[in-house]
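> Contents are mmCIF, C-alpha atoms; file name work30.cif:
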```cif
data_target
loop_
_atom_site.label_atom_id
_atom_site.label_comp_id
_atom_site.auth_asym_id
_atom_site.auth_seq_id
_atom_site.Cartn_x
_atom_site.Cartn_y
_atom_site.Cartn_z
CA LEU A 1 26.27 174.74 70.04
CA THR A 2 24.12 176.47 72.58
CA LEU A 3 22.59 179.88 72.75
CA ARG A 4 20.03 180.98 75.27
CA MET A 5 16.61 179.98 73.99
CA ILE A 6 13.93 182.63 74.11
CA HIS A 7 10.39 181.82 73.07
CA THR A 8 8.90 184.26 70.59
CA ASP A 9 5.33 183.90 71.87
CA ALA A 10 6.43 184.79 75.36
CA TYR A 11 8.23 187.85 74.06
CA ILE A 12 5.23 189.07 72.09
CA SER A 13 2.99 188.66 75.11
CA ALA A 14 5.45 190.50 77.33
CA ALA A 15 5.92 193.30 74.83
CA ALA A 16 2.17 193.76 74.52
CA SER A 17 1.58 193.81 78.27
CA LEU A 18 4.43 196.25 78.87
CA GLU A 19 3.61 198.72 76.11
CA GLY A 20 4.57 202.18 77.28
CA ASN A 21 6.76 200.85 80.09
CA GLU A 22 10.17 202.50 79.77
CA SER A 23 12.02 199.64 81.49
CA LEU A 24 10.94 196.43 79.79
CA SER A 25 10.97 193.32 81.94
CA HIS A 26 11.57 190.71 79.25
CA PRO A 27 15.15 189.38 78.90
CA ASN A 28 15.93 192.03 76.30
CA SER A 29 15.59 195.07 78.58
CA PHE A 30 17.15 198.14 77.03
CA ASP A 31 18.30 199.22 80.48
CA GLU A 32 20.63 196.25 80.70
CA GLU A 33 24.32 197.09 80.42
CA VAL A 34 26.22 194.46 78.47
CA ASP A 35 30.01 194.10 78.55
CA ARG A 36 30.86 194.29 74.86
CA THR A 37 34.56 193.75 75.40
CA VAL A 38 33.92 190.00 75.64
CA SER A 39 33.39 190.01 71.85
CA SER A 40 35.34 191.74 69.11
CA ALA A 41 32.92 194.67 69.09
CA LEU A 42 34.44 197.49 67.07
CA LYS A 43 32.84 200.11 69.29
CA VAL A 44 35.05 199.11 72.24
CA HIS A 45 38.07 197.84 70.33
CA PRO A 46 41.46 199.43 71.11
CA MET A 47 41.74 200.63 67.51
CA ILE A 48 38.74 202.88 68.25
CA VAL A 49 38.96 203.72 71.95
CA GLY A 50 42.69 203.32 72.51
CA GLU A 51 44.36 201.21 75.16
CA ASP A 52 43.03 203.24 78.09
CA SER A 53 39.27 202.65 77.82
CA CYS A 54 38.36 202.65 81.51
CA GLY A 55 35.31 204.82 82.14
CA VAL A 56 35.07 205.89 78.50
CA PHE A 57 31.73 206.68 76.83
CA THR A 58 32.00 204.70 73.59
CA ALA A 59 29.65 206.44 71.17
CA SER A 60 31.34 206.57 67.78
CA ILE A 61 30.40 203.34 66.00
CA ALA A 62 26.81 203.35 64.72
CA ASP A 63 25.43 200.23 66.34
CA MET A 64 23.33 199.74 69.46
CA ASP A 65 24.27 198.51 72.90
CA PHE A 66 20.91 196.72 73.04
CA LYS A 67 20.58 192.96 72.84
CA VAL A 68 18.77 191.97 69.67
CA ALA A 69 15.12 190.97 69.52
CA PRO A 70 14.43 187.53 71.02
CA VAL A 71 12.79 186.46 67.76
CA ILE A 72 16.15 186.95 66.03
CA VAL A 73 18.01 185.01 68.71
CA LYS A 74 15.58 182.12 68.33
CA ALA A 75 15.91 182.15 64.53
CA LEU A 76 19.69 182.00 64.81
CA GLN A 77 19.50 179.25 67.43
CA ASP A 78 17.18 177.20 65.22
CA ARG A 79 19.54 177.59 62.28
CA LEU A 80 22.55 176.76 64.48
CA ASP A 81 20.88 173.61 65.75
CA HIS A 82 20.72 172.30 62.17
CA CYS A 83 24.52 171.92 62.40
CA ILE A 84 25.14 172.00 58.63
CA PHE A 85 26.34 175.25 57.07
CA GLY A 86 27.02 174.47 53.43
CA TYR A 87 26.16 176.60 50.42
CA GLU A 88 22.61 177.91 50.41
CA ALA A 89 20.17 179.48 47.97
CA VAL A 90 18.06 182.46 48.97
CA PRO A 91 15.46 181.18 51.46
CA LYS A 92 11.98 181.20 49.99
CA ASP A 93 10.65 183.41 52.79
CA LEU A 94 13.33 186.15 52.62
CA TYR A 95 12.13 188.27 49.70
CA PRO A 96 8.48 188.07 50.80
CA ALA A 97 9.60 189.26 54.24
CA VAL A 98 11.29 192.30 52.67
CA ILE A 99 8.33 193.02 50.40
CA ASN A 100 5.78 192.73 53.19
CA TRP A 101 7.87 194.92 55.51
CA MET A 102 8.16 197.74 52.98
CA GLN A 103 4.49 197.57 52.06
CA ARG A 104 3.32 197.44 55.66
CA ARG A 105 5.49 200.27 56.96
CA TYR A 106 5.78 202.56 53.94
CA ASN A 107 3.06 201.53 51.50
CA TRP A 108 5.92 200.84 49.09
CA HIS A 109 5.06 198.08 46.65
CA ILE A 110 8.16 196.24 45.44
CA SER A 111 8.31 193.62 42.72
CA GLN A 112 10.41 190.65 43.82
CA PRO A 113 12.54 190.55 40.63
CA HIS A 114 13.68 194.10 41.42
CA ILE A 115 15.50 192.97 44.59
CA LEU A 116 19.20 192.10 44.49
CA ARG A 117 21.26 190.85 47.42
CA ALA A 118 24.39 192.71 48.51
CA PRO A 119 26.93 192.20 51.30
CA ASN A 120 26.15 195.63 52.75
CA VAL A 121 24.86 199.06 51.78
CA LEU A 122 28.34 200.51 51.29
CA ASN A 123 29.08 197.79 48.75
CA THR A 124 26.01 198.87 46.77
CA LEU A 125 27.07 202.52 46.89
CA SER A 126 30.55 201.61 45.71
CA THR A 127 29.27 199.37 42.92
CA ALA A 128 26.86 202.06 41.72
CA ALA A 129 29.66 204.64 41.62
CA ALA A 130 31.86 202.22 39.69
CA ILE A 131 29.37 201.17 37.00
CA PHE A 132 27.15 204.22 36.53
CA ALA A 133 29.91 206.82 36.49
CA ASN A 134 33.33 206.81 34.88
CA PRO A 135 36.65 207.90 36.43
CA GLY A 136 36.55 211.66 36.59
CA ASP A 137 32.75 211.83 36.59
CA GLY A 138 31.08 213.53 39.52
CA VAL A 139 28.92 212.26 42.36
CA ILE A 140 26.93 214.78 44.38
CA ILE A 141 26.91 214.47 48.17
CA GLN A 142 25.27 216.68 50.79
CA PRO A 143 27.63 217.45 53.67
CA PRO A 144 27.92 217.21 56.54
CA VAL A 145 27.40 213.60 55.50
CA PHE A 146 28.53 210.07 56.37
CA PHE A 147 32.32 209.97 56.00
CA ASP A 148 32.38 206.71 54.06
CA PHE A 149 30.77 208.53 51.12
CA TYR A 150 34.04 210.43 50.69
CA ASP A 151 36.14 207.26 50.93
CA ILE A 152 34.03 205.37 48.40
CA LEU A 153 34.27 208.13 45.82
CA GLN A 154 37.97 208.75 46.31
CA GLU A 155 38.78 205.04 46.08
CA ASN A 156 36.74 204.75 42.88
CA ARG A 157 38.37 207.90 41.45
CA ARG A 158 35.05 209.73 41.13
CA GLU A 159 34.94 213.47 41.61
CA ILE A 160 33.11 214.70 44.69
CA ILE A 161 30.58 217.45 44.00
CA LEU A 162 29.46 219.18 47.19
CA ASN A 163 25.90 220.34 47.76
CA PRO A 164 26.10 221.41 51.43
CA LEU A 165 23.03 221.39 53.62
CA ILE A 166 21.81 224.63 55.14
CA LEU A 167 21.54 224.92 58.93
CA ARG A 168 18.72 227.28 59.82
CA ASP A 169 17.12 227.72 63.24
CA GLY A 170 18.49 224.45 64.54
CA LYS A 171 17.42 222.34 61.58
CA TYR A 172 19.11 221.25 58.36
CA TYR A 173 17.58 221.78 54.93
CA MET A 174 18.65 220.87 51.42
CA ASP A 175 19.91 223.72 49.25
CA LEU A 176 17.78 222.93 46.21
CA ILE A 177 18.96 225.94 44.22
CA ASP A 178 22.56 224.82 44.62
CA LEU A 179 21.57 221.21 43.90
CA GLU A 180 20.05 222.30 40.58
CA SER A 181 23.27 224.13 39.74
CA LYS A 182 25.43 221.12 40.63
CA ALA A 183 23.19 218.60 38.84
CA ARG A 184 23.36 220.73 35.71
CA GLN A 185 27.12 220.21 35.47
CA PRO A 186 27.95 217.77 32.65
CA ALA A 187 30.20 215.74 34.97
CA ALA A 188 27.41 215.09 37.49
CA LYS A 189 26.13 211.52 37.06
CA ILE A 190 24.93 210.38 40.50
CA LEU A 191 23.49 211.79 43.72
CA PHE A 192 24.24 209.89 46.92
CA LEU A 193 21.10 210.62 48.93
CA CYS A 194 21.39 209.86 52.65
CA SER A 195 17.83 209.31 53.85
CA PRO A 196 17.36 209.62 56.80
CA HIS A 197 20.41 211.81 56.89
CA ASN A 198 23.52 210.75 58.79
CA PRO A 199 24.74 212.59 60.89
CA THR A 200 22.13 215.37 61.13
CA GLY A 201 19.15 213.08 61.77
CA ARG A 202 16.90 214.78 59.20
CA VAL A 203 14.01 212.72 57.87
CA TRP A 204 13.34 214.25 54.49
CA THR A 205 9.72 215.08 53.71
CA ARG A 206 7.93 213.74 50.66
CA GLU A 207 7.92 217.25 49.20
CA GLU A 208 11.67 217.63 49.64
CA LEU A 209 12.31 214.26 48.01
CA ILE A 210 10.07 215.05 45.04
CA ALA A 211 11.96 218.31 44.52
CA VAL A 212 15.24 216.37 44.55
CA GLY A 213 13.83 213.75 42.22
CA ASP A 214 12.62 216.34 39.72
CA ILE A 215 16.01 218.04 39.64
CA CYS A 216 17.78 214.73 39.05
CA LEU A 217 15.33 213.70 36.33
CA ARG A 218 15.79 217.01 34.53
CA HIS A 219 19.55 216.59 34.40
CA GLY A 220 19.98 212.83 34.05
CA VAL A 221 21.45 212.30 37.52
CA ILE A 222 20.85 208.87 39.06
CA VAL A 223 19.72 208.84 42.68
CA VAL A 224 21.43 206.24 44.86
CA ALA A 225 19.44 206.31 48.09
CA ASP A 226 21.17 205.09 51.25
CA GLU A 227 18.15 204.27 53.39
CA ILE A 228 19.79 202.03 55.97
CA HIS A 229 18.46 204.13 58.88
CA SER A 230 14.94 204.31 57.46
CA ASP A 231 13.20 202.16 60.09
CA ILE A 232 14.25 204.38 62.99
CA THR A 233 12.23 207.58 62.84
CA LEU A 234 11.41 209.57 65.95
CA PHE A 235 8.69 211.78 67.41
CA GLY A 236 6.13 211.14 64.70
CA HIS A 237 8.37 211.74 61.70
CA LYS A 238 7.78 209.35 58.81
CA HIS A 239 10.32 208.04 56.34
CA THR A 240 9.40 208.10 52.65
CA PRO A 241 11.36 205.64 50.49
CA PHE A 242 12.59 207.59 47.48
CA ALA A 243 11.47 204.89 45.06
CA SER A 244 7.94 205.01 46.50
CA LEU A 245 7.39 208.51 45.11
CA GLY A 246 6.26 207.15 41.74
CA ASN A 247 7.40 205.06 38.80
CA GLU A 248 9.48 207.77 37.15
CA TYR A 249 11.41 208.36 40.38
CA ALA A 250 11.83 204.64 41.04
CA SER A 251 13.19 204.14 37.51
CA ASN A 252 15.90 206.70 38.25
CA CYS A 253 16.84 205.26 41.62
CA ILE A 254 18.86 202.54 43.29
CA SER A 255 17.51 201.98 46.79
CA CYS A 256 19.86 200.58 49.44
CA VAL A 257 18.08 199.00 52.40
CA SER A 258 19.00 196.67 55.24
CA PRO A 259 17.79 195.75 58.74
CA ALA A 260 21.39 196.01 59.99
CA LYS A 261 20.99 199.30 61.88
CA SER A 262 17.39 198.99 62.98
CA PHE A 263 17.84 195.56 64.55
CA ASN A 264 21.49 195.80 65.64
CA ILE A 265 22.63 192.90 63.44
CA ALA A 266 25.34 194.60 61.37
CA SER A 267 27.80 191.73 61.85
CA CYS A 268 25.14 189.13 61.03
CA CYS A 269 23.31 190.75 58.16
CA GLN A 270 23.35 191.59 54.48
CA SER A 271 21.50 194.20 52.45
CA PHE A 272 19.34 194.70 49.39
CA ALA A 273 19.62 196.85 46.30
CA ILE A 274 16.19 197.54 44.86
CA ILE A 275 16.38 198.56 41.21
CA SER A 276 13.24 198.84 39.09
CA ASP A 277 14.96 199.85 35.84
CA ASP A 278 15.61 196.63 33.90
CA THR A 279 18.78 197.79 32.17
CA ARG A 280 20.43 199.15 35.31
CA ARG A 281 19.43 196.09 37.29
CA ALA A 282 20.95 193.79 34.65
CA THR A 283 24.15 195.86 34.70
CA PHE A 284 24.26 195.70 38.49
CA ARG A 285 23.62 191.97 38.55
CA ALA A 286 26.39 191.41 36.01
CA GLU A 287 28.85 193.36 38.14
CA ASN A 288 27.84 191.36 41.21
CA SER A 289 28.48 188.19 39.23
CA ARG A 290 31.85 189.45 37.99
CA LEU A 291 32.91 190.16 41.57
CA ASN A 292 31.26 186.99 42.92
CA VAL A 293 29.03 189.07 45.16
CA ASN A 294 26.26 186.51 44.94
CA LYS A 295 26.68 184.16 47.88
CA ASN A 296 24.17 183.74 50.70
CA ASN A 297 24.99 183.72 54.39
CA ALA A 298 22.81 181.30 56.33
CA PHE A 299 22.81 183.30 59.54
CA ALA A 300 22.22 186.63 57.81
CA SER A 301 19.21 185.17 56.02
CA ALA A 302 17.75 183.77 59.25
CA ALA A 303 18.33 187.03 61.13
CA MET A 304 16.78 189.18 58.40
CA VAL A 305 13.64 187.07 58.02
CA ALA A 306 13.15 187.21 61.79
CA ALA A 307 13.81 190.96 61.95
CA TYR A 308 11.15 191.67 59.33
CA SER A 309 8.52 189.73 61.29
CA ALA A 310 5.70 191.04 63.47
CA ALA A 311 7.68 190.19 66.61
CA GLY A 312 10.67 192.04 65.20
CA GLU A 313 8.49 195.06 64.54
CA ASP A 314 7.22 195.00 68.14
CA TRP A 315 10.80 194.99 69.43
CA LEU A 316 11.73 197.85 67.11
CA ALA A 317 8.81 199.95 68.34
CA SER A 318 10.03 199.49 71.91
CA ALA A 319 13.61 200.35 70.93
CA ILE A 320 12.45 203.54 69.23
CA LYS A 321 10.53 204.62 72.33
CA TYR A 322 13.63 204.07 74.43
CA ILE A 323 15.79 206.08 72.01
CA GLU A 324 13.26 208.91 72.07
CA LYS A 325 13.51 209.02 75.87
CA ASN A 326 17.30 209.20 75.55
CA VAL A 327 16.95 212.14 73.16
CA GLU A 328 14.63 213.93 75.57
CA TYR A 329 16.94 213.29 78.50
CA LEU A 330 19.94 214.65 76.61
CA GLU A 331 18.00 217.73 75.50
CA GLN A 332 16.94 218.46 79.05
CA GLU A 333 20.49 218.15 80.38
CA LEU A 334 22.00 220.35 77.68
CA GLU A 335 19.60 223.18 78.48
CA SER A 336 21.72 223.90 81.56
CA MET A 337 25.09 223.11 80.04
CA PRO A 338 26.75 226.27 78.68
CA GLY A 339 28.48 226.03 75.32
CA VAL A 340 26.94 222.72 74.27
CA ALA A 341 23.80 222.20 72.16
CA MET A 342 22.34 219.56 69.88
CA ILE A 343 20.32 219.20 66.72
CA ARG A 344 17.20 217.21 67.62
CA PRO A 345 17.21 214.09 65.44
CA GLU A 346 14.07 213.25 63.49
CA GLY A 347 15.48 209.80 62.79
CA THR A 348 18.43 207.46 63.52
CA PHE A 349 19.93 206.88 66.98
CA LEU A 350 22.67 209.43 66.30
CA VAL A 351 22.78 212.94 67.72
CA TRP A 352 24.61 215.79 65.99
CA MET A 353 26.01 217.76 68.91
CA ASP A 354 27.09 221.37 68.61
CA PHE A 355 30.21 222.43 70.52
CA ARG A 356 30.92 225.59 68.51
CA SER A 357 30.21 227.92 71.42
CA LEU A 358 33.12 226.41 73.33
CA ASN A 359 35.38 228.15 70.76
CA LEU A 360 37.79 225.25 70.45
CA THR A 361 39.89 224.33 67.43
CA PRO A 362 39.18 220.87 65.97
CA THR A 363 42.27 219.51 67.71
CA GLN A 364 41.31 221.13 71.01
CA GLN A 365 37.73 219.84 70.75
CA SER A 366 38.88 216.28 70.07
CA SER A 367 41.27 216.44 73.02
CA PHE A 368 38.62 217.95 75.27
CA LEU A 369 36.06 215.28 74.48
CA ARG A 370 38.44 212.32 74.66
CA ASP A 371 40.76 213.34 77.46
CA GLU A 372 38.56 215.50 79.68
CA ALA A 373 35.01 214.24 79.13
CA LYS A 374 36.13 210.67 78.32
CA TRP A 375 33.91 210.62 75.23
CA VAL A 376 34.88 208.63 72.15
CA VAL A 377 32.72 210.12 69.40
CA ASN A 378 33.04 211.06 65.73
CA ARG A 379 34.63 214.44 65.16
CA GLY A 380 32.49 216.71 63.04
CA GLU A 381 35.13 217.43 60.38
CA ALA A 382 35.06 213.76 59.37
CA PHE A 383 31.68 214.52 57.79
CA GLY A 384 33.06 217.47 55.83
CA ASP A 385 34.24 220.98 56.58
CA GLU A 386 30.63 221.83 57.40
CA GLY A 387 30.93 219.63 60.49
CA ARG A 388 33.58 221.71 62.19
CA GLY A 389 32.59 222.36 65.80
CA PHE A 390 30.18 219.42 65.86
CA ALA A 391 30.45 215.77 66.85
CA ARG A 392 28.29 212.73 66.12
CA VAL A 393 27.18 210.87 69.23
CA ASN A 394 25.48 207.48 69.37
CA ILE A 395 22.83 207.38 72.10
CA ALA A 396 21.50 203.83 71.50
CA CYS A 397 22.68 202.79 74.93
CA SER A 398 21.26 202.29 78.40
CA ARG A 399 19.99 205.37 80.18
CA VAL A 400 22.45 204.74 83.00
CA LYS A 401 25.36 204.82 80.58
CA LEU A 402 24.06 208.02 78.99
CA ARG A 403 23.63 209.65 82.40
CA ARG A 404 27.21 208.84 83.35
CA ALA A 405 28.42 210.29 80.06
CA VAL A 406 26.42 213.50 80.44
CA HIS A 407 27.68 213.94 84.02
CA ALA A 408 31.28 213.55 82.82
CA LEU A 409 30.70 216.06 80.02
CA ARG A 410 29.15 218.56 82.43
CA GLU A 411 32.15 218.25 84.78
CA ALA A 412 34.55 218.77 81.87
CA VAL A 413 32.65 221.83 80.64
CA MET A 414 32.71 223.35 84.12
CA VAL A 415 36.48 222.89 84.33
CA LEU A 416 36.94 224.34 80.86
CA SER A 417 34.90 227.45 81.67
CA LYS A 418 36.88 228.32 84.80
#
```
Could you show the structure in this file as structure tokens?

Amino acid sequence: LTLRMIHTDAYISAAASLEGNESLSHPNSFDEEVDRTVSSALKVHPMIVGEDSCGVFTASIADMDFKVAPVIVKALQDRLDHCIFGYEAVPKDLYPAVINWMQRRYNWHISQPHILRAPNVLNTLSTAAAIFANPGDGVIIQPPVFFDFYDILQENRREIILNPLILRDGKYYMDLIDLESKARQPAAKILFLCSPHNPTGRVWTREELIAVGDICLRHGVIVVADEIHSDITLFGHKHTPFASLGNEYASNCISCVSPAKSFNIASCCQSFAIISDDTRRATFRAENSRLNVNKNNAFASAAMVAAYSAAGEDWLASAIKYIEKNVEYLEQELESMPGVAMIRPEGTFLVWMDFRSLNLTPTQQSSFLRDEAKWVVNRGEAFGDEGRGFARVNIACSRVKLRRAVHALREAVMVLSK
């Protein structure tokens, strides 16, 4: 039962002294390349990359290639050293950690009784669709949008109501006129709001969210806000939790939050559903009880408390700076790469890349990226028809790895253009 011990105080001191240094010198350097094949990492698993993965840029699964914050490693080591892993209640410091995090970062004041545990954000989305809409009722989504939204609704036999985003001058916007029309439909019961938006990287402004909230209030549509990427915002953009807009908006909202993405702990993490409406929260809690979704994972609890600490926040700030540099590097390289462009992300570590000028069919584009460029990424059509010609690319990796990938893409584009 041994993991490498890393002292939190030493990390904080190092992080403070190296602020602004792109290549951090503490043991968690983001430049370090880690062989993820030694674990069962989905990103490099044969079911994702195929059997021939040599030299492949693995950028489809939305997790990071960065080692987690030392404060999280220490928390897990401390819990591991206890050597007893029986049933546990919610640790007394978990909910305060969540509350303090949201208040500190977003000025969002949450009442502890409003917080419910959940295995993951997708579970909360699925539960909300199941209990707040009936079979045949409609759920509004805003494509191109995270592909699991489609799966959840189809598996729950809920109708999918499309409110496509508008791409204008290299940036995506909500079509509020169309949203009003779709929300007015009697079948429309829920809006799945992806905020920040996956895959386009939009961080919705407060004004945009208020407009959405007003439309949904007018027509009795519940907002289920997937805010799992909320802690990673780039280049000065600020995330606004939907429920922080005001009491009337919070009462019509189910907020889904988790440190899983921000701290790269998806396989050692749970999530939270924050529901201020008493009746909906009681309904949700009853469904969790019916499905026995009410157990606590000792390691998830330890990791989440550590993530939401001051040391965790320092690590996150450094990770965000590194991701921003990756975005800037990719932008610079694509300026001289004919036929390939990108939508600059305002949040997340995902880049929505535009290959439409290559004039390839979806099948040809997938083959080109996988076989010629050696890129394993998410094809755009998986996010809806609006994603045709695009691909989602995860750039939360070392700069060296990204440089190799860009070089391979450039070589493939040159061959294609001959």
> Region 349-353 of chain A: which residues within 6 Å, counting all atoms listed in the file, same-chain residues fewer than 6 positions away excluded, as a PyMOL selection string?
chain A and resi 200+341-343+390-396
> Any chance you could tabulate, as CSV, the residues of region 291-391 of chain A at most 10 Å from region 93-96 of chain A with each one's nearest atom pair and distance in Å to one decimal, using only C-alpha atoms, in chain and rising number order?

```
residue,atom,partner,partner_atom,distance
A:Ser301,CA,A:Leu94,CA,6.9
A:Ala302,CA,A:Leu94,CA,8.3
A:Ala303,CA,A:Leu94,CA,9.9
A:Met304,CA,A:Leu94,CA,7.4
A:Val305,CA,A:Leu94,CA,5.5
A:Ala306,CA,A:Leu94,CA,9.2
A:Tyr308,CA,A:Leu94,CA,9.0
```
> Go through the shown structure with the PyMOL selection byres ((chain A and resi 161) around 6) and write out the matching residues as number ranges by chain.
A: 138-140, 160, 162
> Given the file shown, determine the residues that the PyMOL selection byres ((chain A and resi 320) around 10) selects; report them as a ChimeraX atom specification.
/A:231-235,262,315-319,321-326,347-349,396
> How would you write, as a list in words, the residues chosen by the PyMOL selection byres ((chain A and resi 295) around 10) on this structure?
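This file gives the following for the PyMOL selection byres ((chain A and resi 295) around 10): Tyr87, Glu88, Ala89, Val90, Arg117, Ala118, Pro119, Asn288, Ser289, Asn292, Val293, Asn294, Asn296, Asn297 and Ala298 of chain A.
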> Take the point (29.1, 207.0, 49.0) as written in the file and pick out every residue within 7 Å of it, counting all atoms listed in the file; give the list as a VMD selection string.
chain A and resid 122 125 to 126 148 to 150 152 to 153 192
> Quick one: everything within 6 Å of region 53-69 of chain A, counting only C-alpha atoms, minus sequence neighbours fewer than 2 positions away in the same chain. Send it as a list in words.
Asn28, Phe30, Lys43, Val49, Glu51, Val71, Ile72, Asn264, Trp315, Lys374, Trp375, Val376, Val377, Asn378, Val393, Asn394, Ala396, Cys397 and Ala405 of chain A
> Leaving out Leu167 (chain A) and any residue of its chain fewer than 5 positions from it, which residues lie within 10 Å of it when counting only C-alpha atoms, given as a ChimeraX atom specification?
/A:172-175,200,343,386
> Which protein, DNA or RNA residues have an atom at most 10 Å from (16.4, 202.2, 57.5), counting all atoms listed in the file? List them as a PyMOL selection string.
chain A and resi 195-196+226-233+239+241+256-263+347-348
> When you count all atoms listed in the file, which of these residues is closest to Cys253 (chain A): A:Trp101, A:Glu331, A:Leu193, A:Gln270?
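The answer is A:Leu193, which sits nearest to Cys253 (chain A).
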